[in-house]
Amino acid sequence: MTIDQATYDAIVAHAKRDHPDEACGIVAGPEGSDRPVRFIEMVNAAGSPTFYEFDSTELLALYKEMWDNDEEPVVVYHSHTATEAYPSRTDIGLASEPNAHYVLVSTREHGNNDGPVEFRSYRIIDGEVTEEEVTVTTTETRHPA
Amino acid sequence: MAIEVRIPTILRTYTNGEKAVNAEGATLSALIADLEANHPGIGDRLLDDGDLRRFVNVYVNDEDVRFIGGLEATLNDGDQVVVLPAVAGG
């Protein structure tokens, strides 16, 4: 999974800000491109340290926007705030975007404060988890829609 | 009566890859039965024990059906139905 530094930083900042609750969001990209370019923070409607869920109305609005732009969710991210950055049983059971990279960030070490976080990425397809390497690029990969 | 149903990526295995299919039904329940008749297996991905699955969202003309009667939500010709799995986890 290749992601640019600015988007990587935005995901980490969101996770730190929402700690101890789980943070969640999407990075959309042109359909079929596998390029995560449009960072979209979502509200965790569950407002919980152990669960996340996009609000159903915001979820529809987000998907309609992506359809209009010929985009798809390239990255689906959320944080774990007390455990490692590895998909939980629930994460695996509910993963429903076979083309997405599921990014997990763990804020268990430093919480809201500065300091490194675990940032890992997975494919989750039919209940099977495959971790993948994360490449962070300094080059700006953003392109006009 | 034709109602367009938007199918999410994960369920397109049941619709030969189609992003949207037409279906019929005066209620959401009847619509799902019609979908199942034409795309066997899809019904089970939407329903659990006769109820809408907790982590599947269905919208009629942008309204979450949970707020407009659930499976008994009424449908009319030209309505737009969208199926979206919840983005959720632990």
# chains A, B, ... in the order shown; residues from 1 in each chain; ligands from 1
>>> residues_around(residues="segment 64-80 of chain B", least_positions_apart="5", cutoff="12 Å", atoms="only C-alpha atoms", output="PyMOL selection string")
(chain A and resi 55-61) or (chain B and resi 1-7+20-33+46-48+50-59+86)
>>> write_last_selection(atoms="N, CA and C atoms", output="compact mmCIF listing (two decimals), in the first residue's frame")
# COMPACT_ATOMS: atom_id res chain seq x y z
N ASP A 55 -21.74 6.86 10.81
CA ASP A 55 -23.16 7.18 10.88
C ASP A 55 -23.80 6.81 9.54
N SER A 56 -24.98 6.20 9.57
CA SER A 56 -25.55 5.65 8.33
C SER A 56 -25.88 6.73 7.31
N THR A 57 -26.33 7.89 7.76
CA THR A 57 -26.66 8.98 6.83
C THR A 57 -25.39 9.55 6.21
N GLU A 58 -24.35 9.71 7.05
CA GLU A 58 -23.07 10.22 6.52
C GLU A 58 -22.42 9.21 5.58
N LEU A 59 -22.63 7.93 5.89
CA LEU A 59 -22.10 6.87 5.03
C LEU A 59 -22.68 6.97 3.62
N LEU A 60 -24.00 7.15 3.55
CA LEU A 60 -24.64 7.26 2.24
C LEU A 60 -24.15 8.50 1.50
N ALA A 61 -24.07 9.63 2.21
CA ALA A 61 -23.61 10.87 1.58
C ALA A 61 -22.20 10.69 1.02
N MET B 1 -43.64 -2.40 -12.49
CA MET B 1 -43.02 -1.51 -11.50
C MET B 1 -41.52 -1.80 -11.43
N ALA B 2 -40.73 -0.78 -11.64
CA ALA B 2 -39.29 -0.99 -11.64
C ALA B 2 -38.64 -0.10 -10.58
N ILE B 3 -37.85 -0.74 -9.76
CA ILE B 3 -37.12 -0.01 -8.73
C ILE B 3 -35.65 -0.33 -8.91
N GLU B 4 -34.84 0.72 -9.00
CA GLU B 4 -33.41 0.50 -9.17
C GLU B 4 -32.76 0.26 -7.82
N VAL B 5 -31.99 -0.81 -7.76
CA VAL B 5 -31.32 -1.15 -6.51
C VAL B 5 -29.82 -1.09 -6.73
N ARG B 6 -29.16 -0.24 -5.99
CA ARG B 6 -27.71 -0.09 -6.07
C ARG B 6 -27.05 -1.17 -5.22
N ILE B 7 -26.18 -1.96 -5.84
CA ILE B 7 -25.56 -3.12 -5.18
C ILE B 7 -24.12 -2.78 -4.79
N ALA B 20 -25.90 -2.04 -10.38
CA ALA B 20 -27.30 -1.76 -10.07
C ALA B 20 -28.18 -2.74 -10.83
N VAL B 21 -29.26 -3.16 -10.21
CA VAL B 21 -30.20 -4.05 -10.88
C VAL B 21 -31.61 -3.51 -10.65
N ASN B 22 -32.54 -3.94 -11.50
CA ASN B 22 -33.93 -3.57 -11.29
C ASN B 22 -34.64 -4.68 -10.55
N ALA B 23 -35.55 -4.29 -9.68
CA ALA B 23 -36.33 -5.27 -8.93
C ALA B 23 -37.73 -4.70 -8.73
N GLU B 24 -38.60 -5.55 -8.18
CA GLU B 24 -39.98 -5.15 -7.97
C GLU B 24 -40.42 -5.48 -6.57
N GLY B 25 -41.40 -4.72 -6.10
CA GLY B 25 -41.96 -5.02 -4.78
C GLY B 25 -42.63 -3.80 -4.22
N ALA B 26 -43.76 -4.02 -3.54
CA ALA B 26 -44.49 -2.90 -2.95
C ALA B 26 -43.94 -2.54 -1.58
N THR B 27 -43.17 -3.47 -1.03
CA THR B 27 -42.50 -3.19 0.25
C THR B 27 -41.05 -3.64 0.11
N LEU B 28 -40.20 -3.22 1.05
CA LEU B 28 -38.81 -3.64 1.02
C LEU B 28 -38.72 -5.16 1.14
N SER B 29 -39.57 -5.74 1.95
CA SER B 29 -39.59 -7.18 2.14
C SER B 29 -39.86 -7.89 0.80
N ALA B 30 -40.85 -7.41 0.06
CA ALA B 30 -41.18 -7.99 -1.25
C ALA B 30 -40.05 -7.77 -2.25
N LEU B 31 -39.42 -6.61 -2.15
CA LEU B 31 -38.30 -6.29 -3.05
C LEU B 31 -37.13 -7.27 -2.82
N ILE B 32 -36.85 -7.55 -1.56
CA ILE B 32 -35.75 -8.46 -1.25
C ILE B 32 -36.10 -9.88 -1.73
N ALA B 33 -37.36 -10.26 -1.60
CA ALA B 33 -37.78 -11.58 -2.11
C ALA B 33 -37.59 -11.64 -3.62
N LEU B 46 -28.66 -10.03 3.18
CA LEU B 46 -29.39 -8.84 3.63
C LEU B 46 -30.21 -9.11 4.89
N LEU B 47 -30.66 -10.35 5.01
CA LEU B 47 -31.56 -10.71 6.10
C LEU B 47 -30.92 -11.72 7.03
N ASP B 48 -31.33 -11.62 8.28
CA ASP B 48 -30.87 -12.58 9.28
C ASP B 48 -32.09 -12.87 10.13
N GLY B 50 -35.10 -13.31 9.27
CA GLY B 50 -36.28 -12.55 8.87
C GLY B 50 -36.22 -11.06 9.14
N ASP B 51 -35.07 -10.61 9.64
CA ASP B 51 -34.90 -9.18 9.90
C ASP B 51 -33.73 -8.65 9.07
N LEU B 52 -33.73 -7.35 8.85
CA LEU B 52 -32.59 -6.75 8.16
C LEU B 52 -31.34 -6.94 9.02
N ARG B 53 -30.24 -7.32 8.40
CA ARG B 53 -29.00 -7.50 9.16
C ARG B 53 -28.57 -6.19 9.80
N ARG B 54 -28.04 -6.31 11.01
CA ARG B 54 -27.64 -5.14 11.79
C ARG B 54 -26.62 -4.27 11.04
N PHE B 55 -25.70 -4.91 10.31
CA PHE B 55 -24.62 -4.14 9.69
C PHE B 55 -24.78 -4.00 8.17
N VAL B 56 -26.03 -4.06 7.74
CA VAL B 56 -26.33 -3.73 6.35
C VAL B 56 -27.30 -2.56 6.37
N ASN B 57 -26.95 -1.50 5.66
CA ASN B 57 -27.83 -0.34 5.57
C ASN B 57 -28.57 -0.37 4.25
N VAL B 58 -29.88 -0.10 4.31
CA VAL B 58 -30.67 0.01 3.08
C VAL B 58 -31.36 1.37 3.12
N TYR B 59 -31.28 2.06 2.00
CA TYR B 59 -31.86 3.40 1.91
C TYR B 59 -32.88 3.42 0.78
N ALA B 86 -22.42 -1.53 6.45
CA ALA B 86 -21.89 -0.58 7.42
C ALA B 86 -20.37 -0.61 7.34
>>> select_by_dssp(residues="segment 14-61 of chain B", states="helix (DSSP H, G or I)", output="NGL selection string")
:B and (14-15 or 28-38 or 42-46)
>>> interface_residues(of="chain B", to="chain A", cutoff="6 Å", atoms="only C-alpha atoms", output="PyMOL selection string")
chain B and resi 87-90
>>> atom_distance(atom1="atom CA of Arg35 of chain A", atom2="atom CA of Thr135 of chain A")
11.9 Å
>>> closest_residue(among="B:Thr9, B:Glu63, B:Pro85, B:Tyr14", to="Glu36 of chain B", atoms="only C-alpha atoms")
B:Tyr14
>>> closest_residue(among="A:Val74, A:Met66, A:Ala6, A:Ile11", to="Ala23 of chain A", atoms="only C-alpha atoms")
A:Ile11
>>> decode(residues="segment 91-117 of chain A", atoms="N, CA and C atoms", output="JSON list (two decimals), in the first residue's frame")
[["chain", "number", "residue", "atom", "x", "y", "z"],
["A", 91, "ASP", "N", -13.54, -6.58, 13.37],
["A", 91, "ASP", "CA", -13.05, -5.93, 12.15],
["A", 91, "ASP", "C", -13.11, -6.89, 10.96],
["A", 92, "ILE", "N", -12.68, -8.12, 11.22],
["A", 92, "ILE", "CA", -12.62, -9.12, 10.15],
["A", 92, "ILE", "C", -14.04, -9.49, 9.70],
["A", 93, "GLY", "N", -14.92, -9.68, 10.69],
["A", 93, "GLY", "CA", -16.29, -10.09, 10.38],
["A", 93, "GLY", "C", -17.06, -9.03, 9.60],
["A", 94, "LEU", "N", -16.73, -7.75, 9.85],
["A", 94, "LEU", "CA", -17.52, -6.68, 9.22],
["A", 94, "LEU", "C", -16.84, -6.06, 8.00],
["A", 95, "ALA", "N", -15.62, -6.50, 7.70],
["A", 95, "ALA", "CA", -14.91, -5.91, 6.56],
["A", 95, "ALA", "C", -15.69, -6.19, 5.28],
["A", 96, "SER", "N", -16.07, -5.14, 4.56],
["A", 96, "SER", "CA", -16.96, -5.36, 3.41],
["A", 96, "SER", "C", -16.48, -4.64, 2.16],
["A", 97, "GLU", "N", -15.22, -4.22, 2.16],
["A", 97, "GLU", "CA", -14.67, -3.58, 0.96],
["A", 97, "GLU", "C", -13.47, -4.40, 0.49],
["A", 98, "PRO", "N", -13.72, -5.39, -0.37],
["A", 98, "PRO", "CA", -12.63, -6.30, -0.77],
["A", 98, "PRO", "C", -11.49, -5.60, -1.51],
["A", 99, "ASN", "N", -11.76, -4.40, -2.05],
["A", 99, "ASN", "CA", -10.69, -3.70, -2.78],
["A", 99, "ASN", "C", -9.91, -2.72, -1.91],
["A", 100, "ALA", "N", -10.35, -2.57, -0.66],
["A", 100, "ALA", "CA", -9.73, -1.54, 0.19],
["A", 100, "ALA", "C", -8.53, -2.07, 0.96],
["A", 101, "HIS", "N", -7.65, -1.13, 1.30],
["A", 101, "HIS", "CA", -6.59, -1.40, 2.26],
["A", 101, "HIS", "C", -7.13, -0.98, 3.62],
["A", 102, "TYR", "N", -7.16, -1.92, 4.55],
["A", 102, "TYR", "CA", -7.63, -1.61, 5.90],
["A", 102, "TYR", "C", -6.44, -1.17, 6.73],
["A", 103, "VAL", "N", -6.42, 0.10, 7.09],
["A", 103, "VAL", "CA", -5.31, 0.65, 7.87],
["A", 103, "VAL", "C", -5.73, 0.69, 9.35],
["A", 104, "LEU", "N", -4.85, 0.15, 10.18],
["A", 104, "LEU", "CA", -5.05, 0.17, 11.62],
["A", 104, "LEU", "C", -3.94, 0.98, 12.26],
["A", 105, "VAL", "N", -4.34, 1.92, 13.12],
["A", 105, "VAL", "CA", -3.38, 2.72, 13.85],
["A", 105, "VAL", "C", -3.60, 2.43, 15.33],
["A", 106, "SER", "N", -2.53, 2.19, 16.06],
["A", 106, "SER", "CA", -2.70, 2.01, 17.51],
["A", 106, "SER", "C", -2.12, 3.19, 18.27],
["A", 107, "THR", "N", -2.97, 3.77, 19.11],
["A", 107, "THR", "CA", -2.54, 4.91, 19.93],
["A", 107, "THR", "C", -2.26, 4.47, 21.36],
["A", 108, "ARG", "N", -2.13, 3.15, 21.58],
["A", 108, "ARG", "CA", -2.01, 2.67, 22.97],
["A", 108, "ARG", "C", -0.76, 3.18, 23.68],
["A", 109, "GLU", "N", 0.32, 3.48, 22.92],
["A", 109, "GLU", "CA", 1.57, 3.89, 23.57],
["A", 109, "GLU", "C", 1.54, 5.32, 24.08],
["A", 110, "HIS", "N", 1.09, 6.25, 23.20],
["A", 110, "HIS", "CA", 1.22, 7.67, 23.56],
["A", 110, "HIS", "C", -0.10, 8.44, 23.61],
["A", 111, "GLY", "N", -1.20, 7.77, 23.35],
["A", 111, "GLY", "CA", -2.50, 8.42, 23.47],
["A", 111, "GLY", "C", -2.61, 9.68, 22.64],
["A", 112, "ASN", "N", -2.99, 10.78, 23.31],
["A", 112, "ASN", "CA", -3.16, 12.06, 22.61],
["A", 112, "ASN", "C", -1.84, 12.78, 22.38],
["A", 113, "ASN", "N", -0.75, 12.23, 22.91],
["A", 113, "ASN", "CA", 0.51, 12.95, 22.88],
["A", 113, "ASN", "C", 1.37, 12.59, 21.68],
["A", 114, "ASP", "N", 2.41, 13.42, 21.50],
["A", 114, "ASP", "CA", 3.36, 13.15, 20.43],
["A", 114, "ASP", "C", 4.05, 11.81, 20.69],
["A", 115, "GLY", "N", 4.59, 11.27, 19.63],
["A", 115, "GLY", "CA", 5.28, 9.99, 19.78],
["A", 115, "GLY", "C", 4.82, 9.05, 18.69],
["A", 116, "PRO", "N", 5.63, 8.04, 18.45],
["A", 116, "PRO", "CA", 5.32, 7.15, 17.34],
["A", 116, "PRO", "C", 4.06, 6.32, 17.60],
["A", 117, "VAL", "N", 3.40, 5.95, 16.52],
["A", 117, "VAL", "CA", 2.23, 5.05, 16.61],
["A", 117, "VAL", "C", 2.50, 3.85, 15.71]]
